[in-house]
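Source file: upload35.csv. Holds: CSV, C-alpha atoms and all ligand atoms.
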```csv
chain,number,residue,atom,x,y,z
A,1,GLU,CA,37.4,-73.1,-68.5
A,2,SER,CA,36.7,-74.3,-65.0
A,3,THR,CA,34.9,-71.0,-64.1
A,4,ARG,CA,32.3,-71.6,-66.8
A,5,PRO,CA,29.1,-72.7,-65.2
A,6,ARG,CA,28.0,-76.3,-65.9
A,7,VAL,CA,24.6,-76.1,-67.6
A,8,VAL,CA,22.5,-79.2,-68.1
A,9,VAL,CA,19.7,-79.0,-70.7
A,10,THR,CA,17.0,-81.7,-70.7
A,11,ARG,CA,15.9,-81.5,-74.4
A,12,ARG,CA,17.3,-80.7,-77.8
A,13,LEU,CA,17.1,-76.9,-78.4
A,14,PRO,CA,17.3,-75.0,-81.7
A,15,ASP,CA,20.8,-75.3,-83.3
A,16,GLN,CA,21.7,-71.7,-82.8
A,17,VAL,CA,20.8,-71.8,-79.1
A,18,GLU,CA,22.8,-74.9,-78.5
A,19,ALA,CA,25.8,-73.4,-80.4
A,20,ARG,CA,25.7,-70.2,-78.3
A,21,MET,CA,25.4,-72.3,-75.1
A,22,THR,CA,28.4,-74.3,-76.1
A,23,GLU,CA,30.4,-71.0,-76.6
A,24,LEU,CA,29.4,-69.6,-73.2
A,25,PHE,CA,29.0,-72.5,-70.8
A,26,ASP,CA,30.3,-75.9,-69.9
A,27,VAL,CA,27.0,-77.3,-71.3
A,28,VAL,CA,25.6,-80.8,-71.3
A,29,LEU,CA,23.3,-81.1,-74.3
A,30,ARG,CA,21.1,-84.0,-75.3
A,31,THR,CA,21.9,-86.1,-78.3
A,32,ASP,CA,18.4,-87.6,-78.6
A,33,ASP,CA,15.1,-85.8,-78.2
A,34,ALA,CA,13.2,-88.1,-76.0
A,35,PRO,CA,11.8,-86.6,-72.8
A,36,MET,CA,13.8,-87.7,-69.7
A,37,SER,CA,12.3,-90.0,-67.1
A,38,HIS,CA,12.0,-89.0,-63.5
A,39,THR,CA,15.2,-91.1,-62.8
A,40,ASP,CA,17.1,-89.5,-65.6
A,41,LEU,CA,16.1,-86.0,-64.5
A,42,LYS,CA,17.3,-86.8,-60.9
A,43,ALA,CA,20.6,-88.0,-62.3
A,44,ALA,CA,20.9,-85.0,-64.6
A,45,ILE,CA,20.2,-82.3,-62.0
A,46,ALA,CA,22.7,-83.9,-59.6
A,47,ASP,CA,25.8,-82.5,-61.5
A,48,CYS,CA,25.2,-78.9,-62.6
A,49,ASP,CA,25.2,-75.2,-61.6
A,50,VAL,CA,22.2,-74.3,-63.8
A,51,PHE,CA,19.4,-76.6,-64.9
A,52,VAL,CA,17.4,-75.9,-68.1
A,53,PRO,CA,14.2,-77.9,-68.2
A,54,THR,CA,11.2,-77.7,-70.6
A,55,VAL,CA,7.4,-78.3,-70.2
A,56,THR,CA,7.8,-82.1,-70.5
A,57,ASP,CA,10.0,-82.3,-67.3
A,58,ILE,CA,8.1,-82.6,-64.1
A,59,ILE,CA,10.5,-81.0,-61.7
A,60,ASP,CA,9.0,-82.0,-58.3
A,61,ALA,CA,10.3,-81.6,-54.8
A,62,ASP,CA,12.0,-85.0,-55.1
A,63,ILE,CA,14.1,-83.9,-58.1
A,64,ILE,CA,14.8,-80.6,-56.5
A,65,ALA,CA,16.1,-82.4,-53.4
A,66,ALA,CA,18.6,-84.3,-55.7
A,67,ALA,CA,20.2,-81.0,-56.8
A,68,PRO,CA,23.6,-80.1,-55.4
A,69,GLN,CA,24.0,-77.0,-53.2
A,70,ARG,CA,25.8,-75.2,-56.1
A,71,LEU,CA,22.7,-75.3,-58.3
A,72,ARG,CA,21.2,-71.9,-57.8
A,73,LEU,CA,19.2,-71.4,-61.0
A,74,ILE,CA,16.5,-73.3,-62.8
A,75,ALA,CA,16.2,-71.5,-66.2
A,76,ASN,CA,13.0,-72.9,-67.8
A,77,PHE,CA,12.8,-73.0,-71.6
A,78,GLY,CA,9.1,-71.9,-71.8
A,79,ALA,CA,6.7,-69.4,-70.2
A,80,GLY,CA,4.5,-71.7,-68.0
A,81,THR,CA,6.2,-73.1,-64.9
A,82,ASP,CA,3.4,-75.3,-63.6
A,83,HIS,CA,5.6,-78.3,-64.1
A,84,ILE,CA,8.1,-77.0,-61.6
A,85,ASP,CA,7.7,-77.0,-57.8
A,86,VAL,CA,8.7,-73.4,-57.6
A,87,ALA,CA,8.1,-73.3,-53.8
A,88,ALA,CA,10.5,-76.2,-53.3
A,89,ALA,CA,13.1,-74.5,-55.4
A,90,HIS,CA,12.8,-71.3,-53.5
A,91,ALA,CA,13.0,-73.1,-50.2
A,92,ARG,CA,16.4,-74.4,-51.4
A,93,GLY,CA,17.4,-70.8,-52.2
A,94,MET,CA,17.2,-71.4,-56.0
A,95,THR,CA,16.0,-68.8,-58.5
A,96,VAL,CA,13.5,-70.0,-61.2
A,97,THR,CA,13.3,-68.1,-64.5
A,98,ASN,CA,11.0,-68.5,-67.5
A,99,THR,CA,10.8,-67.0,-71.1
A,100,PRO,CA,7.7,-64.7,-71.2
A,101,GLY,CA,7.1,-62.1,-73.9
A,102,VAL,CA,8.9,-63.6,-76.8
A,103,LEU,CA,6.2,-66.2,-77.5
A,104,THR,CA,3.2,-63.9,-76.9
A,105,GLU,CA,2.4,-63.0,-80.4
A,106,ASP,CA,2.9,-66.4,-81.9
A,107,THR,CA,0.7,-68.0,-79.3
A,108,ALA,CA,-2.0,-65.4,-79.8
A,109,ASP,CA,-1.8,-66.0,-83.5
A,110,LEU,CA,-2.5,-69.7,-82.9
A,111,ALA,CA,-5.4,-68.9,-80.6
A,112,MET,CA,-6.8,-66.5,-83.2
A,113,GLY,CA,-6.3,-69.1,-85.9
A,114,LEU,CA,-8.4,-71.6,-83.9
A,115,ILE,CA,-11.0,-68.9,-83.2
A,116,LEU,CA,-11.5,-68.5,-87.0
A,117,ALA,CA,-10.9,-72.1,-88.0
A,118,VAL,CA,-13.2,-73.9,-85.7
A,119,PRO,CA,-16.5,-72.0,-86.5
A,120,ARG,CA,-15.6,-72.1,-90.2
A,121,ARG,CA,-14.9,-75.9,-90.0
A,122,LEU,CA,-11.6,-75.4,-91.8
A,123,VAL,CA,-9.8,-78.6,-90.7
A,124,GLU,CA,-12.9,-80.7,-91.0
A,125,GLY,CA,-13.2,-79.4,-94.6
A,126,ASP,CA,-9.6,-80.4,-95.4
A,127,ARG,CA,-10.3,-83.8,-94.0
A,128,ARG,CA,-13.4,-84.3,-96.0
A,129,LEU,CA,-11.8,-83.1,-99.2
A,130,ARG,CA,-8.9,-85.5,-98.8
A,131,ALA,CA,-11.5,-88.3,-98.2
A,132,GLY,CA,-13.0,-87.5,-101.6
A,133,GLU,CA,-16.1,-85.9,-100.1
A,134,PHE,CA,-15.8,-82.6,-101.9
A,135,THR,CA,-17.9,-83.5,-104.9
A,136,GLY,CA,-18.8,-80.0,-105.9
A,137,TRP,CA,-19.8,-76.6,-104.5
A,138,SER,CA,-23.3,-76.2,-103.3
A,139,PRO,CA,-25.2,-73.3,-101.6
A,140,THR,CA,-25.5,-75.4,-98.4
A,141,HIS,CA,-22.2,-77.3,-98.4
A,142,MET,CA,-20.1,-77.1,-95.2
A,143,LEU,CA,-21.8,-74.1,-93.6
A,144,GLY,CA,-20.2,-72.9,-90.5
A,145,HIS,CA,-20.8,-69.8,-88.3
A,146,ARG,CA,-19.8,-66.2,-88.8
A,147,VAL,CA,-17.2,-64.9,-86.4
A,148,ARG,CA,-17.7,-61.2,-86.9
A,149,GLY,CA,-20.2,-59.7,-84.5
A,150,LYS,CA,-19.8,-62.5,-81.9
A,151,ARG,CA,-18.6,-62.1,-78.3
A,152,LEU,CA,-15.2,-63.4,-77.3
A,153,GLY,CA,-14.5,-64.2,-73.6
A,154,ILE,CA,-10.9,-64.2,-72.6
A,155,LEU,CA,-10.0,-66.2,-69.5
A,156,GLY,CA,-6.7,-64.7,-68.3
A,157,MET,CA,-5.9,-61.2,-69.5
A,158,GLY,CA,-2.2,-61.3,-69.3
A,159,ARG,CA,0.3,-60.8,-72.1
A,160,ILE,CA,-1.2,-63.5,-74.4
A,161,GLY,CA,-4.8,-62.7,-73.5
A,162,SER,CA,-4.2,-59.1,-74.4
A,163,ALA,CA,-2.6,-60.0,-77.7
A,164,VAL,CA,-5.7,-62.2,-78.5
A,165,ALA,CA,-7.9,-59.2,-77.6
A,166,ARG,CA,-6.1,-56.9,-80.0
A,167,ARG,CA,-6.4,-59.4,-82.8
A,168,ALA,CA,-10.1,-60.1,-82.0
A,169,HIS,CA,-11.1,-56.5,-82.6
A,170,ALA,CA,-9.8,-56.7,-86.2
A,171,PHE,CA,-12.2,-59.6,-86.8
A,172,GLY,CA,-15.2,-57.7,-85.4
A,173,LEU,CA,-15.5,-59.6,-82.1
A,174,SER,CA,-16.4,-57.8,-79.0
A,175,VAL,CA,-14.0,-58.6,-76.1
A,176,HIS,CA,-15.0,-59.7,-72.7
A,177,TYR,CA,-12.6,-61.0,-70.0
A,178,HIS,CA,-12.3,-62.6,-66.6
A,179,ASN,CA,-9.1,-62.4,-64.7
A,180,ARG,CA,-8.2,-62.9,-61.0
A,181,GLN,CA,-7.9,-59.2,-60.8
A,182,ARG,CA,-9.3,-56.4,-63.0
A,183,VAL,CA,-6.7,-54.9,-65.3
A,184,PRO,CA,-5.8,-51.2,-64.9
A,185,ASP,CA,-8.3,-48.8,-66.4
A,186,THR,CA,-6.0,-47.5,-69.1
A,187,MET,CA,-5.3,-51.1,-70.3
A,188,GLU,CA,-9.0,-52.0,-70.2
A,189,ARG,CA,-9.8,-49.0,-72.3
A,190,ALA,CA,-6.9,-49.7,-74.7
A,191,LEU,CA,-8.0,-53.3,-75.1
A,192,ASP,CA,-11.7,-52.3,-75.3
A,193,ALA,CA,-12.5,-55.2,-73.1
A,194,ARG,CA,-15.4,-55.7,-70.8
A,195,TRP,CA,-14.6,-57.1,-67.3
A,196,HIS,CA,-16.7,-59.8,-65.7
A,197,ASP,CA,-16.0,-60.2,-62.0
A,198,THR,CA,-17.0,-63.9,-62.1
A,199,LEU,CA,-16.2,-66.6,-64.7
A,200,GLU,CA,-19.8,-67.8,-64.5
A,201,ASP,CA,-21.2,-64.4,-65.4
A,202,MET,CA,-18.9,-64.2,-68.5
A,203,LEU,CA,-19.6,-67.7,-69.7
A,204,THR,CA,-23.3,-67.2,-70.0
A,205,ASP,CA,-22.7,-64.1,-72.1
A,206,ILE,CA,-20.2,-65.1,-74.7
A,207,ASP,CA,-20.0,-67.1,-78.0
A,208,ILE,CA,-16.3,-68.0,-78.0
A,209,LEU,CA,-14.1,-68.7,-74.9
A,210,SER,CA,-10.4,-68.3,-75.3
A,211,ILE,CA,-8.4,-69.7,-72.4
A,212,ASN,CA,-5.1,-67.8,-71.8
A,213,ALA,CA,-4.5,-68.3,-68.1
A,214,PRO,CA,-1.6,-70.0,-66.4
A,215,LEU,CA,-2.2,-73.4,-64.7
A,216,THR,CA,-2.4,-72.9,-60.9
A,217,PRO,CA,-4.3,-74.7,-58.1
A,218,SER,CA,-7.1,-72.2,-58.7
A,219,THR,CA,-7.4,-72.6,-62.5
A,220,ARG,CA,-7.1,-76.4,-62.5
A,221,HIS,CA,-10.5,-77.7,-63.9
A,222,LEU,CA,-11.9,-74.2,-63.8
A,223,ILE,CA,-13.7,-75.3,-66.9
A,224,ASP,CA,-15.6,-78.5,-65.9
A,225,GLY,CA,-19.1,-80.0,-66.3
A,226,ARG,CA,-20.6,-77.3,-64.2
A,227,THR,CA,-19.1,-74.2,-65.9
A,228,LEU,CA,-19.4,-75.8,-69.4
A,229,ALA,CA,-23.1,-76.1,-68.7
A,230,LEU,CA,-23.3,-72.3,-68.4
A,231,MET,CA,-22.1,-71.8,-72.0
A,232,LYS,CA,-24.5,-71.5,-74.8
A,233,PRO,CA,-24.9,-74.7,-76.9
A,234,ASP,CA,-23.9,-72.8,-80.0
A,235,SER,CA,-20.7,-71.5,-78.5
A,236,TYR,CA,-17.0,-72.5,-78.9
A,237,LEU,CA,-14.0,-73.1,-76.7
A,238,VAL,CA,-10.3,-72.5,-77.6
A,239,ASN,CA,-7.5,-73.5,-75.3
A,240,THR,CA,-3.8,-72.6,-76.0
A,241,SER,CA,-2.6,-72.4,-72.3
A,242,ARG,CA,-2.7,-75.6,-70.3
A,243,GLY,CA,-4.9,-78.7,-70.8
A,244,GLU,CA,-5.5,-79.2,-67.1
A,245,ILE,CA,-7.6,-76.0,-66.9
A,246,VAL,CA,-10.3,-77.9,-68.7
A,247,ASP,CA,-11.9,-81.2,-67.6
A,248,GLU,CA,-11.3,-83.0,-70.9
A,249,VAL,CA,-13.9,-85.7,-70.2
A,250,ALA,CA,-16.6,-83.1,-69.5
A,251,LEU,CA,-15.5,-81.2,-72.6
A,252,ALA,CA,-15.7,-84.2,-74.9
A,253,ASP,CA,-19.1,-85.1,-73.4
A,254,ALA,CA,-20.4,-81.5,-74.0
A,255,LEU,CA,-19.1,-81.6,-77.6
A,256,ALA,CA,-20.5,-85.0,-78.4
A,257,HIS,CA,-23.9,-84.2,-77.1
A,258,GLY,CA,-24.4,-80.8,-78.7
A,259,ARG,CA,-24.0,-78.7,-75.5
A,260,LEU,CA,-21.1,-77.0,-77.1
A,261,ALA,CA,-20.7,-76.3,-80.9
A,262,GLY,CA,-16.9,-76.9,-81.2
A,263,ALA,CA,-13.5,-76.6,-79.7
A,264,GLY,CA,-9.9,-75.8,-80.8
A,265,LEU,CA,-7.3,-77.3,-78.5
A,266,ASP,CA,-3.5,-77.0,-78.5
A,267,VAL,CA,-3.0,-78.4,-75.0
A,268,TYR,CA,-4.2,-81.5,-73.2
A,269,GLU,CA,-4.6,-82.9,-69.7
A,270,ASN,CA,-2.3,-85.8,-70.3
A,271,GLU,CA,0.1,-84.8,-73.1
A,272,PRO,CA,0.8,-86.0,-75.6
A,273,LYS,CA,-2.5,-87.9,-75.6
A,274,PRO,CA,-5.8,-86.1,-76.0
A,275,HIS,CA,-8.7,-88.0,-74.3
A,276,SER,CA,-9.7,-90.7,-76.8
A,277,ALA,CA,-13.3,-89.4,-76.8
A,278,LEU,CA,-12.1,-86.2,-78.5
A,279,LEU,CA,-10.4,-88.0,-81.4
A,280,GLY,CA,-13.7,-89.1,-83.1
A,281,LEU,CA,-15.3,-85.7,-83.0
A,282,GLU,CA,-15.5,-83.6,-86.2
A,283,ASN,CA,-16.2,-80.3,-84.4
A,284,VAL,CA,-12.8,-80.2,-82.7
A,285,ILE,CA,-9.4,-79.1,-84.0
A,286,LEU,CA,-6.6,-80.8,-82.1
A,287,ALA,CA,-3.2,-79.1,-82.4
A,288,PRO,CA,0.0,-80.7,-81.0
A,289,HIS,CA,1.0,-78.0,-78.5
A,290,ILE,CA,2.5,-75.6,-81.1
A,291,GLY,CA,1.5,-72.2,-79.6
A,292,SER,CA,5.2,-71.1,-79.5
A,293,ALA,CA,6.4,-73.5,-82.2
A,294,THR,CA,8.0,-71.0,-84.7
A,295,HIS,CA,11.7,-70.9,-85.5
A,296,GLU,CA,11.6,-67.2,-84.3
A,297,SER,CA,9.9,-67.8,-80.9
A,298,ARG,CA,12.0,-70.9,-80.1
A,299,ARG,CA,15.2,-69.0,-80.9
A,300,GLU,CA,14.1,-66.0,-78.8
A,301,MET,CA,13.1,-68.3,-76.0
A,302,GLY,CA,16.6,-69.7,-76.1
A,303,GLU,CA,18.1,-66.2,-76.0
A,304,LYS,CA,16.0,-65.5,-72.9
A,305,VAL,CA,17.3,-68.5,-71.2
A,306,LEU,CA,20.9,-67.4,-72.0
A,307,ILE,CA,20.2,-63.8,-70.8
A,308,ASN,CA,18.8,-65.2,-67.5
A,309,ILE,CA,21.8,-67.5,-67.0
A,310,ARG,CA,24.3,-64.8,-67.8
A,311,ALA,CA,22.6,-62.3,-65.4
A,312,HIS,CA,22.7,-64.9,-62.7
A,313,MET,CA,26.4,-65.7,-63.3
A,314,ASP,CA,27.2,-62.0,-63.1
A,315,ASN,CA,25.3,-61.7,-59.8
A,316,HIS,CA,22.7,-59.5,-61.3
A,317,ALA,CA,19.0,-60.0,-60.8
A,318,CYS,CA,17.6,-62.3,-63.5
A,319,PRO,CA,15.1,-60.4,-65.7
A,320,ASP,CA,12.5,-63.2,-65.8
A,321,ARG,CA,12.4,-64.4,-62.2
A,322,VAL,CA,9.3,-66.5,-61.4
A,323,LEU,CA,7.8,-65.1,-58.2
A,324,PRO,CA,6.8,-67.3,-55.3
A,325,PRO,CA,3.3,-68.8,-55.6
A,326,GLY,CA,0.5,-66.4,-54.6
A,327,THR,CA,2.5,-63.3,-55.6
A,328,ARG,CA,0.4,-61.1,-57.8
A,329,LEU,CA,2.1,-60.0,-61.0
A,330,SER,CA,1.4,-56.5,-62.2
A,331,LEU,CA,-0.3,-56.9,-65.5
A,332,ALA,CA,0.6,-53.5,-66.8
A,333,SER,CA,4.4,-54.2,-67.0
A,401,LIG,C1,6.5,-74.4,-75.0
A,401,LIG,C2,4.7,-73.5,-73.6
A,401,LIG,O1,6.2,-75.3,-76.1
A,401,LIG,O2,6.0,-71.6,-72.9
A,401,LIG,C3,5.1,-72.4,-72.6
A,401,LIG,O3,4.6,-72.4,-71.5
A,401,LIG,O4,3.8,-74.2,-73.3
A,401,LIG,C4,5.3,-73.5,-74.9
A,401,LIG,O5,5.8,-72.3,-75.3
A,401,LIG,C5,7.0,-75.2,-73.9
A,401,LIG,O6,6.7,-74.6,-72.7
A,401,LIG,C6,8.5,-75.3,-74.0
A,401,LIG,O7,9.0,-75.8,-72.8
```
As C-alpha cells, please, write out the structure in this file.
Amino acid sequence: ESTRPRVVVTRRLPDQVEARMTELFDVVLRTDDAPMSHTDLKAAIADCDVFVPTVTDIIDADIIAAAPQRLRLIANFGAGTDHIDVAAAHARGMTVTNTPGVLTEDTADLAMGLILAVPRRLVEGDRRLRAGEFTGWSPTHMLGHRVRGKRLGILGMGRIGSAVARRAHAFGLSVHYHNRQRVPDTMERALDARWHDTLEDMLTDIDILSINAPLTPSTRHLIDGRTLALMKPDSYLVNTSRGEIVDEVALADALAHGRLAGAGLDVYENEPKPHSALLGLENVILAPHIGSATHESRREMGEKVLINIRAHMDNHACPDRVLPPGTRLSLAS
C-alpha cells in the first residue's frame, strides 16, 4: 500500500478513469467539480508524488514552489500546457506530461463543424426558428455562403491542424498554412497544403482562418486589430485552440462593423466568459470549450495520464513529456 504513489487530481474525471486510478494509486479525487482556487491548488500540491491538473488550474511558479521534493511528475489532463509554468517545473527537476494525439480527431471535427456551420448560419437559424421567425421557406431566406471552392488558412500545422486539413479537402476547400516552421515536404504534399512564410501573407489570401496553434508568448494576440485588418471583409475565423491567441475585443469590433463576416469560437481569452461584445452578435457561434469533449476522447486522455504516471513510477521515460520552452517539436512524428 505505502509504495503506491500519492496522486492528487484537481477536477472530477470520467468515472472509468477515476476507478482505474483508485485501483493503481493512492489517489485523492475531487468530490465536487468546481475549479480549485490558487490557495486550494497550493494546499493540494503540497502532499503528493504526482499532480494531475487540467486547463482550469493555473500552475504558476508560486504553486510549483509549494510542491514537496518528492513530487517529480505533473501529468496534465489535456494537450495544451500553457497554464503550467513548465520552465519552473523543470527547474525543480519535475517532468511535465500532457495528452496529445487522442483528442486530435475530435477537436478537428469541431473545427470543421464550425467551418461549415458559421458560413451557413446554422446556429443563427436554429435560434431564429425557436424564436418563431421561421414563417416559411423562401428563395432568399437565410442565405449564407458556399464553403466549397474557398481557401482555408490553417494557423499551426501540428496534429490538429493536419487533421483539419484532411477534412477540408473533402469539402472542396483549398488548404493554406502558416506555421513557425515549414512542415516536411512529404507531409506538405500529403496534406496538399500551401505554405505561407508569413501570417500576414496568408491572411490576405484566404476566406476562412482556422487557428490550431498552441498558446505561447509568440502566439499570444497574434490575431489582433492589425492582423484582422488584413483579412477580407467577407472572410471567417474559427478558433478551437486557445482564446488568448486572438484579441477578443478587436475580433468583436471587426465582426460588429462588417470587417469580418463571422466567427466560430470554442475558446476565450477569459474563460468561462466570452467578451460581452460577442454575445450580441448573430454572426458568431460560441461553443463552451468542447473540442475534446467526447466520452471517447476524455476516457483516452485519462488513459494517457495513467500511462505517463506508470512509466514514471517504473523509472521509464514518460511517452508524452512536454519539452522545455523553445524546443522545436518534430512535426512528422
Ligand atoms: C481540454 C484542451 O478540455 O487538451 C486541451 O488542451 O483544451 C481540452 O482538450 C482541457 O485541456 C482539459 O484539461
Discussion item. What's the separation between atom CA of A:Gly153 and atom CA of A:Ser174, in Å to one decimal place?
Written reply: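 Spanning atom CA of A:Gly153 to atom CA of A:Ser174 is a straight-line distance of 8.6 Å.
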Taking (-20.0, -62.9, -76.5) in the coordinates of the supplied file, I want to know which residues reach to within 6 Å of it, counting only C-alpha atoms; could you give the answer as a PDB file with C-alpha atoms, keeping the file's coordinate frame?
```pdb
ATOM      1  CA  LYS A 150     -19.800 -62.500 -81.900  1.00  0.00           C
ATOM      2  CA  ARG A 151     -18.600 -62.100 -78.300  1.00  0.00           C
ATOM      3  CA  LEU A 152     -15.200 -63.400 -77.300  1.00  0.00           C
ATOM      4  CA  ASP A 205     -22.700 -64.100 -72.100  1.00  0.00           C
ATOM      5  CA  ILE A 206     -20.200 -65.100 -74.700  1.00  0.00           C
ATOM      6  CA  ASP A 207     -20.000 -67.100 -78.000  1.00  0.00           C
TER       7      ASP A 207
END
```
Given all atoms listed in the file, how would the per-residue table for chain A near ligand LIG 401 (chain A) read, listing every residue at most 10 Å away with its closest atom pair and distance in Å to one decimal, sorted by chain and number, as a tab-separated table?
```
residue	atom	partner	partner_atom	distance
A:Arg11	CA	A:LIG401	O7	9.1
A:Leu13	CA	A:LIG401	C6	9.8
A:Val52	CA	A:LIG401	O7	9.6
A:Pro53	CA	A:LIG401	O7	7.3
A:Thr54	CA	A:LIG401	O7	3.6
A:Val55	CA	A:LIG401	O7	3.9
A:Thr56	CA	A:LIG401	O7	6.8
A:Asp57	CA	A:LIG401	O7	8.6
A:Asn76	CA	A:LIG401	O7	7.0
A:Phe77	CA	A:LIG401	O7	4.9
A:Gly78	CA	A:LIG401	O2	3.3
A:Ala79	CA	A:LIG401	O2	3.6
A:Gly80	CA	A:LIG401	O3	3.6
A:Thr81	CA	A:LIG401	O3	6.8
A:Asp82	CA	A:LIG401	O3	8.5
A:His83	CA	A:LIG401	O6	9.4
A:Asn98	CA	A:LIG401	O2	8.0
A:Thr99	CA	A:LIG401	O2	6.9
A:Pro100	CA	A:LIG401	O2	7.3
A:Gly101	CA	A:LIG401	O2	9.6
A:Val102	CA	A:LIG401	O5	9.4
A:Leu103	CA	A:LIG401	O5	6.5
A:Thr104	CA	A:LIG401	O5	8.9
A:Asp106	CA	A:LIG401	O5	9.3
A:Thr107	CA	A:LIG401	O5	7.8
A:Pro214	CA	A:LIG401	O3	8.4
A:Leu215	CA	A:LIG401	O3	9.7
A:Thr240	CA	A:LIG401	O4	8.2
A:Ser241	CA	A:LIG401	O4	6.7
A:Arg242	CA	A:LIG401	O4	7.3
A:Asp266	CA	A:LIG401	O4	9.4
A:Val267	CA	A:LIG401	O4	8.2
A:Pro288	CA	A:LIG401	O1	9.6
A:His289	CA	A:LIG401	O1	6.3
A:Ile290	CA	A:LIG401	O1	6.2
A:Gly291	CA	A:LIG401	O5	6.1
A:Ser292	CA	A:LIG401	O5	4.4
A:Ala293	CA	A:LIG401	O1	6.4
A:Thr294	CA	A:LIG401	O5	9.7
A:Ser297	CA	A:LIG401	O5	8.3
A:Arg298	CA	A:LIG401	O5	8.0
A:Met301	CA	A:LIG401	O5	8.4
```
Worksheet item: Do you have the atom CA of A:Tyr236-atom CA of A:Gly264 distance handy?
Response: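 Separation between atom CA of A:Tyr236 and atom CA of A:Gly264: 8.1 Å.
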Discussion item. Using only C-alpha atoms, which protein or nucleic acid residues come within 9 Å of A:Ala67? Drop anything in the same chain fewer than 2 positions from it, and give the result as a ChimeraX atom specification.
Written reply: /A:42-48,63-65,69-71
Worksheet item: Distance atom CA of A:Val284-atom CA of A:Pro233, one decimal place?
Response: 14.5 Å
Practice prompt. Just the residues within 7 Å of A:Val28, please, counting all atoms listed in the file, with nothing from its chain fewer than 6 positions along; format it as a list in words.
Written response: Val7, Val8 and Val9 of chain A
Fill in: Neighbour list for A:Glu133 as an MDAnalysis selection string, cut-off 12 Å, all atoms listed in the file, skip fewer than 6 positions in-chain
chainID A and resid 124:127 141:142
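Nearest to A:Val27 of all the residues A:Ile211, A:Val50, A:Ala229, A:Leu279 is A:Val50, based on all atoms listed in the file.
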Have stretch 150-166 of chain A completed to N, CA and C atoms, please, and pass it along as a PDB file, in the frame of the given file.
```
ATOM      1  N   LYS A 150     -19.591 -61.575 -83.053  1.00  0.00           N
ATOM      2  CA  LYS A 150     -19.800 -62.500 -81.900  1.00  0.00           C
ATOM      3  C   LYS A 150     -19.017 -61.896 -80.673  1.00  0.00           C
ATOM      4  N   ARG A 151     -19.285 -62.512 -79.525  1.00  0.00           N
ATOM      5  CA  ARG A 151     -18.600 -62.100 -78.300  1.00  0.00           C
ATOM      6  C   ARG A 151     -17.547 -63.075 -77.892  1.00  0.00           C
ATOM      7  N   LEU A 152     -16.343 -62.562 -77.730  1.00  0.00           N
ATOM      8  CA  LEU A 152     -15.200 -63.400 -77.300  1.00  0.00           C
ATOM      9  C   LEU A 152     -14.975 -63.182 -75.820  1.00  0.00           C
ATOM     10  N   GLY A 153     -14.881 -64.243 -75.069  1.00  0.00           N
ATOM     11  CA  GLY A 153     -14.500 -64.200 -73.600  1.00  0.00           C
ATOM     12  C   GLY A 153     -13.132 -64.667 -73.443  1.00  0.00           C
ATOM     13  N   ILE A 154     -12.281 -63.832 -72.867  1.00  0.00           N
ATOM     14  CA  ILE A 154     -10.900 -64.200 -72.600  1.00  0.00           C
ATOM     15  C   ILE A 154     -10.721 -64.539 -71.153  1.00  0.00           C
ATOM     16  N   LEU A 155     -10.317 -65.757 -70.867  1.00  0.00           N
ATOM     17  CA  LEU A 155     -10.000 -66.200 -69.500  1.00  0.00           C
ATOM     18  C   LEU A 155      -8.532 -66.008 -69.274  1.00  0.00           C
ATOM     19  N   GLY A 156      -8.130 -64.998 -68.515  1.00  0.00           N
ATOM     20  CA  GLY A 156      -6.700 -64.700 -68.300  1.00  0.00           C
ATOM     21  C   GLY A 156      -6.232 -63.595 -69.181  1.00  0.00           C
ATOM     22  N   MET A 157      -6.327 -62.352 -68.674  1.00  0.00           N
ATOM     23  CA  MET A 157      -5.900 -61.200 -69.500  1.00  0.00           C
ATOM     24  C   MET A 157      -4.519 -60.759 -69.163  1.00  0.00           C
ATOM     25  N   GLY A 158      -3.570 -61.658 -69.396  1.00  0.00           N
ATOM     26  CA  GLY A 158      -2.200 -61.300 -69.300  1.00  0.00           C
ATOM     27  C   GLY A 158      -1.609 -60.923 -70.610  1.00  0.00           C
ATOM     28  N   ARG A 159      -0.341 -61.218 -70.831  1.00  0.00           N
ATOM     29  CA  ARG A 159       0.300 -60.800 -72.100  1.00  0.00           C
ATOM     30  C   ARG A 159      -0.425 -61.485 -73.289  1.00  0.00           C
ATOM     31  N   ILE A 160      -0.615 -62.808 -73.215  1.00  0.00           N
ATOM     32  CA  ILE A 160      -1.200 -63.500 -74.400  1.00  0.00           C
ATOM     33  C   ILE A 160      -2.655 -63.159 -74.546  1.00  0.00           C
ATOM     34  N   GLY A 161      -3.395 -63.111 -73.435  1.00  0.00           N
ATOM     35  CA  GLY A 161      -4.800 -62.700 -73.500  1.00  0.00           C
ATOM     36  C   GLY A 161      -4.981 -61.360 -74.157  1.00  0.00           C
ATOM     37  N   SER A 162      -4.121 -60.415 -73.783  1.00  0.00           N
ATOM     38  CA  SER A 162      -4.200 -59.100 -74.400  1.00  0.00           C
ATOM     39  C   SER A 162      -3.907 -59.099 -75.863  1.00  0.00           C
ATOM     40  N   ALA A 163      -2.944 -59.931 -76.257  1.00  0.00           N
ATOM     41  CA  ALA A 163      -2.600 -60.000 -77.700  1.00  0.00           C
ATOM     42  C   ALA A 163      -3.743 -60.665 -78.463  1.00  0.00           C
ATOM     43  N   VAL A 164      -4.475 -61.583 -77.843  1.00  0.00           N
ATOM     44  CA  VAL A 164      -5.700 -62.200 -78.500  1.00  0.00           C
ATOM     45  C   VAL A 164      -6.737 -61.090 -78.626  1.00  0.00           C
ATOM     46  N   ALA A 165      -6.911 -60.284 -77.573  1.00  0.00           N
ATOM     47  CA  ALA A 165      -7.900 -59.200 -77.600  1.00  0.00           C
ATOM     48  C   ALA A 165      -7.668 -58.252 -78.747  1.00  0.00           C
ATOM     49  N   ARG A 166      -6.402 -57.860 -78.931  1.00  0.00           N
ATOM     50  CA  ARG A 166      -6.100 -56.900 -80.000  1.00  0.00           C
ATOM     51  C   ARG A 166      -6.409 -57.491 -81.382  1.00  0.00           C
TER      52      ARG A 166
END
```
